[in-house]
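Coordinates from final_25.pdb are shown below (PDB, C-alpha atoms).
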MODEL        1
ATOM      1  CA  MET A   1     -24.855  -0.537 167.845
ATOM      2  CA  TRP A   2     -23.610  -3.057 170.430
ATOM      3  CA  ASN A   3     -20.825  -4.408 168.224
ATOM      4  CA  GLU A   4     -19.662  -0.821 167.790
ATOM      5  CA  ARG A   5     -19.836  -0.057 171.499
ATOM      6  CA  TYR A   6     -17.838  -3.169 172.369
ATOM      7  CA  SER A   7     -15.232  -2.684 169.606
ATOM      8  CA  THR A   8     -12.713  -0.787 171.776
ATOM      9  CA  PRO A   9     -10.044  -2.597 173.828
ATOM     10  CA  ASP A  10     -11.607  -1.345 177.078
ATOM     11  CA  TYR A  11     -14.677  -2.987 178.594
ATOM     12  CA  ALA A  12     -17.614  -0.566 178.202
ATOM     13  CA  TYR A  13     -19.123  -1.458 181.603
ATOM     14  CA  GLY A  14     -15.927  -2.631 183.257
ATOM     15  CA  THR A  15     -14.814  -6.155 184.093
ATOM     16  CA  GLU A  16     -16.285  -6.389 187.594
ATOM     17  CA  PRO A  17     -19.797  -7.765 188.128
ATOM     18  CA  ASN A  18     -22.835  -5.660 188.845
ATOM     19  CA  ASP A  19     -22.822  -5.021 192.639
ATOM     20  CA  PHE A  20     -26.410  -6.146 193.163
ATOM     21  CA  LEU A  21     -25.776  -9.435 191.371
ATOM     22  CA  ALA A  22     -22.517  -9.945 193.278
ATOM     23  CA  SER A  23     -24.354  -9.416 196.586
ATOM     24  CA  VAL A  24     -27.002 -12.083 195.880
ATOM     25  CA  ALA A  25     -25.285 -14.573 193.548
ATOM     26  CA  ALA A  26     -24.489 -17.072 196.292
ATOM     27  CA  HIS A  27     -28.243 -17.609 196.819
ATOM     28  CA  ILE A  28     -28.599 -19.132 193.349
ATOM     29  CA  PRO A  29     -28.709 -22.931 193.721
ATOM     30  CA  PRO A  30     -25.649 -24.768 192.372
ATOM     31  CA  GLY A  31     -25.833 -25.704 188.716
ATOM     32  CA  ARG A  32     -26.626 -24.009 185.417
ATOM     33  CA  VAL A  33     -27.063 -20.247 185.075
ATOM     34  CA  LEU A  34     -28.258 -18.341 182.012
ATOM     35  CA  SER A  35     -27.125 -14.702 181.741
ATOM     36  CA  ILE A  36     -29.224 -12.835 179.174
ATOM     37  CA  GLY A  37     -27.889  -9.725 177.465
ATOM     38  CA  ASP A  38     -24.495 -10.515 178.999
ATOM     39  CA  GLY A  39     -22.513  -8.247 176.660
ATOM     40  CA  GLU A  40     -18.791  -8.419 177.394
ATOM     41  CA  GLY A  41     -19.349 -11.061 180.047
ATOM     42  CA  ARG A  42     -18.533  -9.370 183.349
ATOM     43  CA  ASN A  43     -21.552 -10.929 185.079
ATOM     44  CA  GLY A  44     -21.397 -14.358 183.473
ATOM     45  CA  VAL A  45     -17.674 -14.644 184.170
ATOM     46  CA  HIS A  46     -18.201 -13.682 187.818
ATOM     47  CA  LEU A  47     -20.831 -16.410 188.175
ATOM     48  CA  ALA A  48     -18.430 -18.907 186.595
ATOM     49  CA  THR A  49     -15.791 -18.004 189.199
ATOM     50  CA  LEU A  50     -18.361 -19.010 191.840
ATOM     51  CA  GLY A  51     -18.655 -22.471 190.282
ATOM     52  CA  TYR A  52     -21.787 -22.091 188.151
ATOM     53  CA  ALA A  53     -22.019 -23.567 184.641
ATOM     54  CA  VAL A  54     -22.747 -20.326 182.800
ATOM     55  CA  THR A  55     -24.278 -19.696 179.403
ATOM     56  CA  SER A  56     -24.038 -16.064 178.286
ATOM     57  CA  VAL A  57     -26.447 -14.937 175.559
ATOM     58  CA  ASP A  58     -26.036 -11.675 173.665
ATOM     59  CA  ALA A  59     -26.677 -10.304 170.190
ATOM     60  CA  SER A  60     -23.132  -8.899 169.972
ATOM     61  CA  THR A  61     -20.487 -11.298 168.685
ATOM     62  CA  VAL A  62     -17.858  -8.661 169.528
ATOM     63  CA  GLY A  63     -19.038  -8.518 173.142
ATOM     64  CA  LEU A  64     -19.106 -12.289 173.483
ATOM     65  CA  ALA A  65     -15.560 -12.618 172.100
ATOM     66  CA  LYS A  66     -14.449 -10.227 174.855
ATOM     67  CA  ALA A  67     -16.441 -12.295 177.364
ATOM     68  CA  GLN A  68     -14.426 -15.371 176.364
ATOM     69  CA  ARG A  69     -11.176 -13.419 176.764
ATOM     70  CA  LEU A  70     -12.270 -12.221 180.218
ATOM     71  CA  ALA A  71     -13.163 -15.780 181.217
ATOM     72  CA  ALA A  72      -9.716 -16.961 180.121
ATOM     73  CA  THR A  73      -7.997 -14.289 182.206
ATOM     74  CA  ARG A  74     -10.019 -15.431 185.248
ATOM     75  CA  GLY A  75      -9.277 -19.108 184.644
ATOM     76  CA  VAL A  76     -12.890 -20.150 184.031
ATOM     77  CA  GLN A  77     -14.995 -21.316 181.108
ATOM     78  CA  ILE A  78     -18.348 -19.999 179.932
ATOM     79  CA  THR A  79     -20.562 -20.985 177.025
ATOM     80  CA  THR A  80     -21.459 -18.065 174.758
ATOM     81  CA  VAL A  81     -24.447 -17.959 172.421
ATOM     82  CA  ALA A  82     -24.793 -15.169 169.867
ATOM     83  CA  ALA A  83     -28.530 -14.653 169.463
ATOM     84  CA  ASP A  84     -31.192 -11.991 169.336
ATOM     85  CA  LEU A  85     -33.448 -12.527 172.365
ATOM     86  CA  ALA A  86     -36.404 -12.328 169.970
ATOM     87  CA  ASP A  87     -35.199 -15.648 168.518
ATOM     88  CA  PHE A  88     -33.595 -17.306 171.539
ATOM     89  CA  VAL A  89     -35.687 -19.994 173.245
ATOM     90  CA  ILE A  90     -35.253 -20.580 176.980
ATOM     91  CA  ALA A  91     -35.887 -24.291 177.502
ATOM     92  CA  PRO A  92     -38.371 -25.072 180.317
ATOM     93  CA  ASP A  93     -37.200 -26.327 183.732
ATOM     94  CA  SER A  94     -33.538 -26.079 182.691
ATOM     95  CA  TRP A  95     -31.774 -23.445 184.795
ATOM     96  CA  GLN A  96     -30.939 -23.055 188.477
ATOM     97  CA  GLY A  97     -30.495 -19.335 187.829
ATOM     98  CA  ILE A  98     -31.432 -16.821 185.160
ATOM     99  CA  VAL A  99     -29.826 -13.404 185.375
ATOM    100  CA  SER A 100     -30.859 -10.170 183.626
ATOM    101  CA  ILE A 101     -28.649  -7.176 184.423
ATOM    102  CA  PHE A 102     -29.423  -3.905 182.603
ATOM    103  CA  CYS A 103     -30.964  -5.845 179.712
ATOM    104  CA  HIS A 104     -33.488  -3.323 178.395
ATOM    105  CA  LEU A 105     -36.029  -4.668 175.903
ATOM    106  CA  PRO A 106     -39.193  -3.329 174.229
ATOM    107  CA  PRO A 107     -42.229  -4.276 176.368
ATOM    108  CA  PRO A 108     -43.670  -7.064 174.151
ATOM    109  CA  LEU A 109     -40.268  -8.783 173.894
ATOM    110  CA  ARG A 110     -39.482  -8.195 177.578
ATOM    111  CA  GLN A 111     -42.781  -9.831 178.533
ATOM    112  CA  ARG A 112     -42.075 -12.833 176.320
ATOM    113  CA  VAL A 113     -38.513 -13.235 177.626
ATOM    114  CA  HIS A 114     -39.663 -12.957 181.242
ATOM    115  CA  GLU A 115     -42.466 -15.471 180.725
ATOM    116  CA  GLN A 116     -39.925 -17.865 179.169
ATOM    117  CA  ALA A 117     -37.531 -17.217 182.055
ATOM    118  CA  ALA A 118     -40.219 -18.094 184.602
ATOM    119  CA  ARG A 119     -40.844 -21.386 182.796
ATOM    120  CA  GLY A 120     -37.131 -21.924 182.183
ATOM    121  CA  LEU A 121     -36.161 -22.048 185.846
ATOM    122  CA  ALA A 122     -35.919 -25.443 187.481
ATOM    123  CA  PRO A 123     -37.971 -25.777 190.685
ATOM    124  CA  GLY A 124     -36.245 -23.718 193.393
ATOM    125  CA  GLY A 125     -34.309 -21.732 190.781
ATOM    126  CA  LEU A 126     -33.776 -17.972 191.088
ATOM    127  CA  PHE A 127     -34.362 -15.134 188.640
ATOM    128  CA  VAL A 128     -32.198 -12.073 189.386
ATOM    129  CA  LEU A 129     -32.800  -8.744 187.648
ATOM    130  CA  GLU A 130     -31.524  -5.212 187.934
ATOM    131  CA  SER A 131     -32.680  -2.638 185.416
ATOM    132  CA  TYR A 132     -32.887   1.090 185.141
ATOM    133  CA  SER A 133     -36.453   2.127 185.938
ATOM    134  CA  LEU A 134     -38.681   4.688 184.287
ATOM    135  CA  ARG A 135     -37.528   7.250 186.860
ATOM    136  CA  GLN A 136     -34.022   7.079 185.328
ATOM    137  CA  LEU A 137     -35.191   8.922 182.219
ATOM    138  CA  GLY A 138     -33.261  12.165 181.692
ATOM    139  CA  ARG A 139     -30.698  11.625 184.467
ATOM    140  CA  GLY A 140     -27.762  11.062 182.133
ATOM    141  CA  THR A 141     -26.085   8.508 184.413
ATOM    142  CA  GLY A 142     -26.798   5.452 182.273
ATOM    143  CA  GLY A 143     -29.418   3.434 180.478
ATOM    144  CA  PRO A 144     -31.694   3.923 177.494
ATOM    145  CA  SER A 145     -33.111   7.303 176.511
ATOM    146  CA  SER A 146     -36.427   5.706 175.488
ATOM    147  CA  ALA A 147     -39.159   5.459 178.140
ATOM    148  CA  GLU A 148     -40.545   2.229 176.684
ATOM    149  CA  LEU A 149     -37.275   0.417 177.454
ATOM    150  CA  LEU A 150     -37.417   1.407 181.153
ATOM    151  CA  PRO A 151     -39.749  -0.864 183.132
ATOM    152  CA  THR A 152     -41.739  -0.098 186.248
ATOM    153  CA  LEU A 153     -41.873  -2.475 189.178
ATOM    154  CA  ASP A 154     -45.580  -3.076 188.506
ATOM    155  CA  ALA A 155     -44.846  -4.135 184.926
ATOM    156  CA  LEU A 156     -42.166  -6.559 186.086
ATOM    157  CA  ARG A 157     -44.444  -8.010 188.773
ATOM    158  CA  ALA A 158     -47.021  -8.768 186.083
ATOM    159  CA  GLU A 159     -44.478 -10.315 183.731
ATOM    160  CA  LEU A 160     -43.083 -12.572 186.470
ATOM    161  CA  ALA A 161     -46.461 -13.495 187.960
ATOM    162  CA  GLY A 162     -45.635 -17.209 188.064
ATOM    163  CA  LEU A 163     -42.668 -16.708 190.401
ATOM    164  CA  GLU A 164     -42.452 -16.004 194.144
ATOM    165  CA  LEU A 165     -40.999 -12.511 194.567
ATOM    166  CA  LEU A 166     -38.430 -12.534 197.391
ATOM    167  CA  HIS A 167     -37.114  -9.002 196.717
ATOM    168  CA  ALA A 168     -38.868  -6.461 194.501
ATOM    169  CA  ILE A 169     -38.042  -2.766 194.904
ATOM    170  CA  GLU A 170     -37.483   0.478 193.051
ATOM    171  CA  ILE A 171     -34.636   2.461 194.600
ATOM    172  CA  GLU A 172     -32.021   5.099 193.904
ATOM    173  CA  ARG A 173     -28.430   3.957 194.211
ATOM    174  CA  GLU A 174     -24.957   4.858 193.029
ATOM    175  CA  VAL A 175     -23.936   2.762 190.030
ATOM    176  CA  HIS A 176     -20.304   2.815 188.855
ATOM    177  CA  GLU A 177     -19.715   0.383 185.997
ATOM    178  CA  GLY A 178     -17.261   1.358 183.284
ATOM    179  CA  GLU A 179     -17.735   4.429 181.129
ATOM    180  CA  PHE A 180     -21.485   4.252 180.557
ATOM    181  CA  HIS A 181     -22.995   3.610 184.009
ATOM    182  CA  GLN A 182     -21.805   6.377 186.321
ATOM    183  CA  GLY A 183     -23.707   8.112 189.094
ATOM    184  CA  LEU A 184     -26.907   8.215 191.099
ATOM    185  CA  SER A 185     -29.422   6.005 189.326
ATOM    186  CA  ALA A 186     -33.043   4.933 189.599
ATOM    187  CA  VAL A 187     -33.184   1.146 189.386
ATOM    188  CA  VAL A 188     -35.576  -1.703 189.903
ATOM    189  CA  GLN A 189     -34.338  -4.934 191.487
ATOM    190  CA  ILE A 190     -35.990  -8.357 191.500
ATOM    191  CA  ILE A 191     -35.116 -11.676 193.094
ATOM    192  CA  ALA A 192     -37.783 -14.263 192.290
ATOM    193  CA  ARG A 193     -37.950 -17.993 192.920
ATOM    194  CA  LYS A 194     -39.720 -20.780 191.109
ATOM    195  CA  ARG A 195     -41.746 -22.751 193.620
ATOM    196  CA  GLY A 196     -41.273 -26.461 194.062
TER     197      GLY A 196
ENDMDL
END

So, in terms of structure tokens, how does the structure I just supplied come out?
Amino acid sequence: MWNERYSTPDYAYGTEPNDFLASVAAHIPPGRVLSIGDGEGRNGVHLATLGYAVTSVDASTVGLAKAQRLAATRGVQITTVAADLADFVIAPDSWQGIVSIFCHLPPPLRQRVHEQAARGLAPGGLFVLESYSLRQLGRGTGGPSSAELLPTLDALRAELAGLELLHAIEIEREVHEGEFHQGLSAVVQIIARKRG
């Protein structure tokens, strides 16, 4: 599905970063950042322009090829890894930042990825997430049509229990990102830090 979505010349979600990520990115400590479900690379490339050493992981080889092209147009380099998150291992204590923007996963996989992310951060590292929430269901402004792929704040709190939550809210906000994210949306946002 994702290779098909990304197969057009246009960028499905645009080439600009997610606004929430852009507003908080400077708080990520300098160093290595992992962007999971990075698709066509708009978020990973933005982080690279800020000086981070970015690794973008996505299942879509088509999306990641476009991410490399976007990086080239911005004069930066990113590392891309084509992998299903069910198989990708986040090495412990390795990342100053881990970013998950609209990366919607089935609950058992989401829990495993988030537990790995909590372990994968270096001490003082930040985890940044924005996702459509369960309240987005039926709005038609973006995100999955399956309730199980839309987390609640309580579920995310439980999955990230090892981290210090600095910002954890469910809100409605306007999202305008390419063709597929357009309009008033119900989202959940997390900024969490690994102690130490």

- Item | range 110-126 of chain A surroundings by only C-alpha atoms, 9 Å radius, close-in-sequence under 5 positions cut, as a PyMOL selection string | chain A and resi 27-29+85-86+88-99+104-105+149+155-156+158-163+191-196

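Here CA of Asp10 in chain A and CA of Glu148 in chain A stand 29.2 Å from one another.
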
- Message: Would you compute the distance between CA of Glu130 in chain A and CA of Ser7 in chain A? Give it in Å to one decimal.
- Response: 24.7 Å

- Item | Contact residues around range 33-47 of chain A with only C-alpha atoms at 6 Å, ignoring same-chain residues under 6 positions, as a list in words | Thr15, Glu16, Pro17, Val54, Thr55, Ser56, Val57, Asp58, Gly63, Leu64, Lys66, Ala67, Ala71, Trp95, Gln96, Gly97, Ile98, Val99, Ser100 and Cys103 of chain A

So that I can check the surroundings of His181 in chain A, please list as an mmCIF file with C-alpha atoms, in the frame of the given file every protein, DNA and RNA residue that reaches within 7 Å of it, counting only C-alpha atoms and ignoring chain neighbours fewer than 6 positions away.
data_model
loop_
_atom_site.group_PDB
_atom_site.id
_atom_site.type_symbol
_atom_site.label_atom_id
_atom_site.label_comp_id
_atom_site.auth_asym_id
_atom_site.auth_seq_id
_atom_site.Cartn_x
_atom_site.Cartn_y
_atom_site.Cartn_z
ATOM 1 C CA TYR A 13 -19.123 -1.458 181.603
ATOM 2 C CA THR A 141 -26.085 8.508 184.413
ATOM 3 C CA GLY A 142 -26.798 5.452 182.273
ATOM 4 C CA VAL A 175 -23.936 2.762 190.030
#

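If only C-alpha atoms are the atoms counted, then among A:Gly14, A:Gly51, A:Pro30, A:Pro107 the closest residue to Ala147 in chain A is A:Pro107.
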
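Listed by chain and then by number, the residues chosen by the PyMOL selection byres ((chain A and resi 140) around 10) in this file are A:Gln136, A:Leu137, A:Gly138, A:Arg139, A:Thr141, A:Gly142, A:Gly143, A:Pro144, A:Ser145, A:Phe180, A:His181, A:Gln182, A:Gly183, A:Leu184, A:Ser185.
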
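Checking A:Pro151, A:Pro106, A:Gly178, A:Gly75 one by one against Thr49 in chain A, counting all atoms listed in the file, you find the shortest gap at A:Gly75.
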
- Which is closest to Ile171 in chain A among A:Ser133, A:Thr61, A:Gln77, A:Thr8, if we use all atoms listed in the file? A:Ser133

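You will find CA of His167 in chain A at 5.4 Å from CA of Ile190 in chain A.
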
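Around the coordinate (-20.5, -2.3, 192.1), residues that reach within 9 Å when counting all atoms listed in the file are A:Glu16, A:Pro17, A:Asn18, A:Asp19, A:Phe20, A:Leu21, A:Ala22, A:Glu174, A:Val175, A:His176, A:Glu177.
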
- Rank nothing, just name the residue among A:Val76, A:Val24, A:Ser60, A:Glu170 nearest to Ala48 in chain A, using only C-alpha atoms. A:Val76

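Proximity ranking of A:Glu4, A:Leu50, A:Arg173, A:Arg32 relative to Tyr132 in chain A places A:Arg173 first, based on all atoms listed in the file.
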
- Out of A:Asn3, A:Gly31, A:Tyr52, A:Ala186, which residue has the shortest atom-to-atom distance to Phe102 in chain A when counting only C-alpha atoms? A:Ala186

Please output range 8-42 of chain A, rebuilt to include N, CA and C atoms, as a PDB file, keeping the file's coordinate frame.
ATOM      1  N   THR A   8     -13.946  -1.348 171.231  1.00  0.00           N
ATOM      2  CA  THR A   8     -12.713  -0.787 171.776  1.00  0.00           C
ATOM      3  C   THR A   8     -12.023  -1.811 172.680  1.00  0.00           C
ATOM      4  N   PRO A   9     -10.734  -1.646 172.941  1.00  0.00           N
ATOM      5  CA  PRO A   9     -10.044  -2.597 173.828  1.00  0.00           C
ATOM      6  C   PRO A   9     -10.597  -2.586 175.260  1.00  0.00           C
ATOM      7  N   ASP A  10     -11.052  -1.426 175.724  1.00  0.00           N
ATOM      8  CA  ASP A  10     -11.607  -1.345 177.078  1.00  0.00           C
ATOM      9  C   ASP A  10     -12.965  -2.039 177.145  1.00  0.00           C
ATOM     10  N   TYR A  11     -13.355  -2.392 178.366  1.00  0.00           N
ATOM     11  CA  TYR A  11     -14.677  -2.987 178.594  1.00  0.00           C
ATOM     12  C   TYR A  11     -15.649  -1.858 178.937  1.00  0.00           C
ATOM     13  N   ALA A  12     -16.709  -1.720 178.116  1.00  0.00           N
ATOM     14  CA  ALA A  12     -17.614  -0.566 178.202  1.00  0.00           C
ATOM     15  C   ALA A  12     -18.205  -0.393 179.599  1.00  0.00           C
ATOM     16  N   TYR A  13     -18.517  -1.513 180.268  1.00  0.00           N
ATOM     17  CA  TYR A  13     -19.123  -1.458 181.603  1.00  0.00           C
ATOM     18  C   TYR A  13     -18.190  -2.041 182.666  1.00  0.00           C
ATOM     19  N   GLY A  14     -16.911  -2.100 182.323  1.00  0.00           N
ATOM     20  CA  GLY A  14     -15.927  -2.631 183.257  1.00  0.00           C
ATOM     21  C   GLY A  14     -15.873  -4.147 183.225  1.00  0.00           C
ATOM     22  N   THR A  15     -14.989  -4.701 184.041  1.00  0.00           N
ATOM     23  CA  THR A  15     -14.814  -6.155 184.093  1.00  0.00           C
ATOM     24  C   THR A  15     -15.315  -6.749 185.407  1.00  0.00           C
ATOM     25  N   GLU A  16     -15.756  -5.898 186.315  1.00  0.00           N
ATOM     26  CA  GLU A  16     -16.285  -6.389 187.594  1.00  0.00           C
ATOM     27  C   GLU A  16     -17.793  -6.584 187.479  1.00  0.00           C
ATOM     28  N   PRO A  17     -18.357  -7.516 188.236  1.00  0.00           N
ATOM     29  CA  PRO A  17     -19.797  -7.765 188.128  1.00  0.00           C
ATOM     30  C   PRO A  17     -20.617  -6.602 188.677  1.00  0.00           C
ATOM     31  N   ASN A  18     -21.847  -6.559 188.251  1.00  0.00           N
ATOM     32  CA  ASN A  18     -22.835  -5.660 188.845  1.00  0.00           C
ATOM     33  C   ASN A  18     -22.908  -5.916 190.350  1.00  0.00           C
ATOM     34  N   ASP A  19     -22.894  -4.824 191.163  1.00  0.00           N
ATOM     35  CA  ASP A  19     -22.822  -5.021 192.639  1.00  0.00           C
ATOM     36  C   ASP A  19     -24.025  -5.755 193.195  1.00  0.00           C
ATOM     37  N   PHE A  20     -25.210  -5.462 192.658  1.00  0.00           N
ATOM     38  CA  PHE A  20     -26.410  -6.146 193.163  1.00  0.00           C
ATOM     39  C   PHE A  20     -26.303  -7.639 192.897  1.00  0.00           C
ATOM     40  N   LEU A  21     -25.937  -8.013 191.678  1.00  0.00           N
ATOM     41  CA  LEU A  21     -25.776  -9.435 191.371  1.00  0.00           C
ATOM     42  C   LEU A  21     -24.724 -10.061 192.278  1.00  0.00           C
ATOM     43  N   ALA A  22     -23.588  -9.395 192.438  1.00  0.00           N
ATOM     44  CA  ALA A  22     -22.517  -9.945 193.278  1.00  0.00           C
ATOM     45  C   ALA A  22     -22.999 -10.176 194.708  1.00  0.00           C
ATOM     46  N   SER A  23     -23.890  -9.300 195.193  1.00  0.00           N
ATOM     47  CA  SER A  23     -24.354  -9.416 196.586  1.00  0.00           C
ATOM     48  C   SER A  23     -25.336 -10.562 196.792  1.00  0.00           C
ATOM     49  N   VAL A  24     -25.965 -11.044 195.722  1.00  0.00           N
ATOM     50  CA  VAL A  24     -27.002 -12.083 195.880  1.00  0.00           C
ATOM     51  C   VAL A  24     -26.666 -13.392 195.164  1.00  0.00           C
ATOM     52  N   ALA A  25     -25.579 -13.416 194.401  1.00  0.00           N
ATOM     53  CA  ALA A  25     -25.285 -14.573 193.548  1.00  0.00           C
ATOM     54  C   ALA A  25     -25.196 -15.881 194.320  1.00  0.00           C
ATOM     55  N   ALA A  26     -24.670 -15.831 195.525  1.00  0.00           N
ATOM     56  CA  ALA A  26     -24.489 -17.072 196.292  1.00  0.00           C
ATOM     57  C   ALA A  26     -25.814 -17.742 196.659  1.00  0.00           C
ATOM     58  N   HIS A  27     -26.927 -17.028 196.518  1.00  0.00           N
ATOM     59  CA  HIS A  27     -28.243 -17.609 196.819  1.00  0.00           C
ATOM     60  C   HIS A  27     -28.798 -18.435 195.658  1.00  0.00           C
ATOM     61  N   ILE A  28     -28.170 -18.309 194.486  1.00  0.00           N
ATOM     62  CA  ILE A  28     -28.599 -19.132 193.349  1.00  0.00           C
ATOM     63  C   ILE A  28     -28.180 -20.576 193.621  1.00  0.00           C
ATOM     64  N   PRO A  29     -29.099 -21.535 193.483  1.00  0.00           N
ATOM     65  CA  PRO A  29     -28.709 -22.931 193.721  1.00  0.00           C
ATOM     66  C   PRO A  29     -27.580 -23.361 192.786  1.00  0.00           C
ATOM     67  N   PRO A  30     -26.740 -24.293 193.229  1.00  0.00           N
ATOM     68  CA  PRO A  30     -25.649 -24.768 192.372  1.00  0.00           C
ATOM     69  C   PRO A  30     -26.186 -25.335 191.060  1.00  0.00           C
ATOM     70  N   GLY A  31     -25.423 -25.124 189.990  1.00  0.00           N
ATOM     71  CA  GLY A  31     -25.833 -25.704 188.716  1.00  0.00           C
ATOM     72  C   GLY A  31     -25.682 -24.739 187.563  1.00  0.00           C
ATOM     73  N   ARG A  32     -26.679 -24.746 186.686  1.00  0.00           N
ATOM     74  CA  ARG A  32     -26.626 -24.009 185.417  1.00  0.00           C
ATOM     75  C   ARG A  32     -27.246 -22.624 185.572  1.00  0.00           C
ATOM     76  N   VAL A  33     -26.552 -21.617 185.039  1.00  0.00           N
ATOM     77  CA  VAL A  33     -27.063 -20.247 185.075  1.00  0.00           C
ATOM     78  C   VAL A  33     -27.026 -19.660 183.665  1.00  0.00           C
ATOM     79  N   LEU A  34     -28.134 -19.039 183.288  1.00  0.00           N
ATOM     80  CA  LEU A  34     -28.258 -18.341 182.012  1.00  0.00           C
ATOM     81  C   LEU A  34     -28.184 -16.839 182.270  1.00  0.00           C
ATOM     82  N   SER A  35     -27.246 -16.152 181.613  1.00  0.00           N
ATOM     83  CA  SER A  35     -27.125 -14.702 181.741  1.00  0.00           C
ATOM     84  C   SER A  35     -27.538 -14.077 180.413  1.00  0.00           C
ATOM     85  N   ILE A  36     -28.693 -13.387 180.420  1.00  0.00           N
ATOM     86  CA  ILE A  36     -29.224 -12.835 179.174  1.00  0.00           C
ATOM     87  C   ILE A  36     -28.739 -11.396 178.986  1.00  0.00           C
ATOM     88  N   GLY A  37     -28.439 -11.054 177.746  1.00  0.00           N
ATOM     89  CA  GLY A  37     -27.889  -9.725 177.465  1.00  0.00           C
ATOM     90  C   GLY A  37     -26.573  -9.514 178.193  1.00  0.00           C
ATOM     91  N   ASP A  38     -25.697 -10.526 178.154  1.00  0.00           N
ATOM     92  CA  ASP A  38     -24.495 -10.515 178.999  1.00  0.00           C
ATOM     93  C   ASP A  38     -23.347  -9.693 178.422  1.00  0.00           C
ATOM     94  N   GLY A  39     -23.502  -9.179 177.210  1.00  0.00           N
ATOM     95  CA  GLY A  39     -22.513  -8.247 176.660  1.00  0.00           C
ATOM     96  C   GLY A  39     -21.096  -8.781 176.669  1.00  0.00           C
ATOM     97  N   GLU A  40     -20.207  -8.050 177.336  1.00  0.00           N
ATOM     98  CA  GLU A  40     -18.791  -8.419 177.394  1.00  0.00           C
ATOM     99  C   GLU A  40     -18.487  -9.399 178.523  1.00  0.00           C
ATOM    100  N   GLY A  41     -19.515  -9.899 179.193  1.00  0.00           N
ATOM    101  CA  GLY A  41     -19.349 -11.061 180.047  1.00  0.00           C
ATOM    102  C   GLY A  41     -19.003 -10.841 181.500  1.00  0.00           C
ATOM    103  N   ARG A  42     -18.983  -9.591 181.969  1.00  0.00           N
ATOM    104  CA  ARG A  42     -18.533  -9.370 183.349  1.00  0.00           C
ATOM    105  C   ARG A  42     -19.388 -10.128 184.370  1.00  0.00           C
TER     106      ARG A  42
END
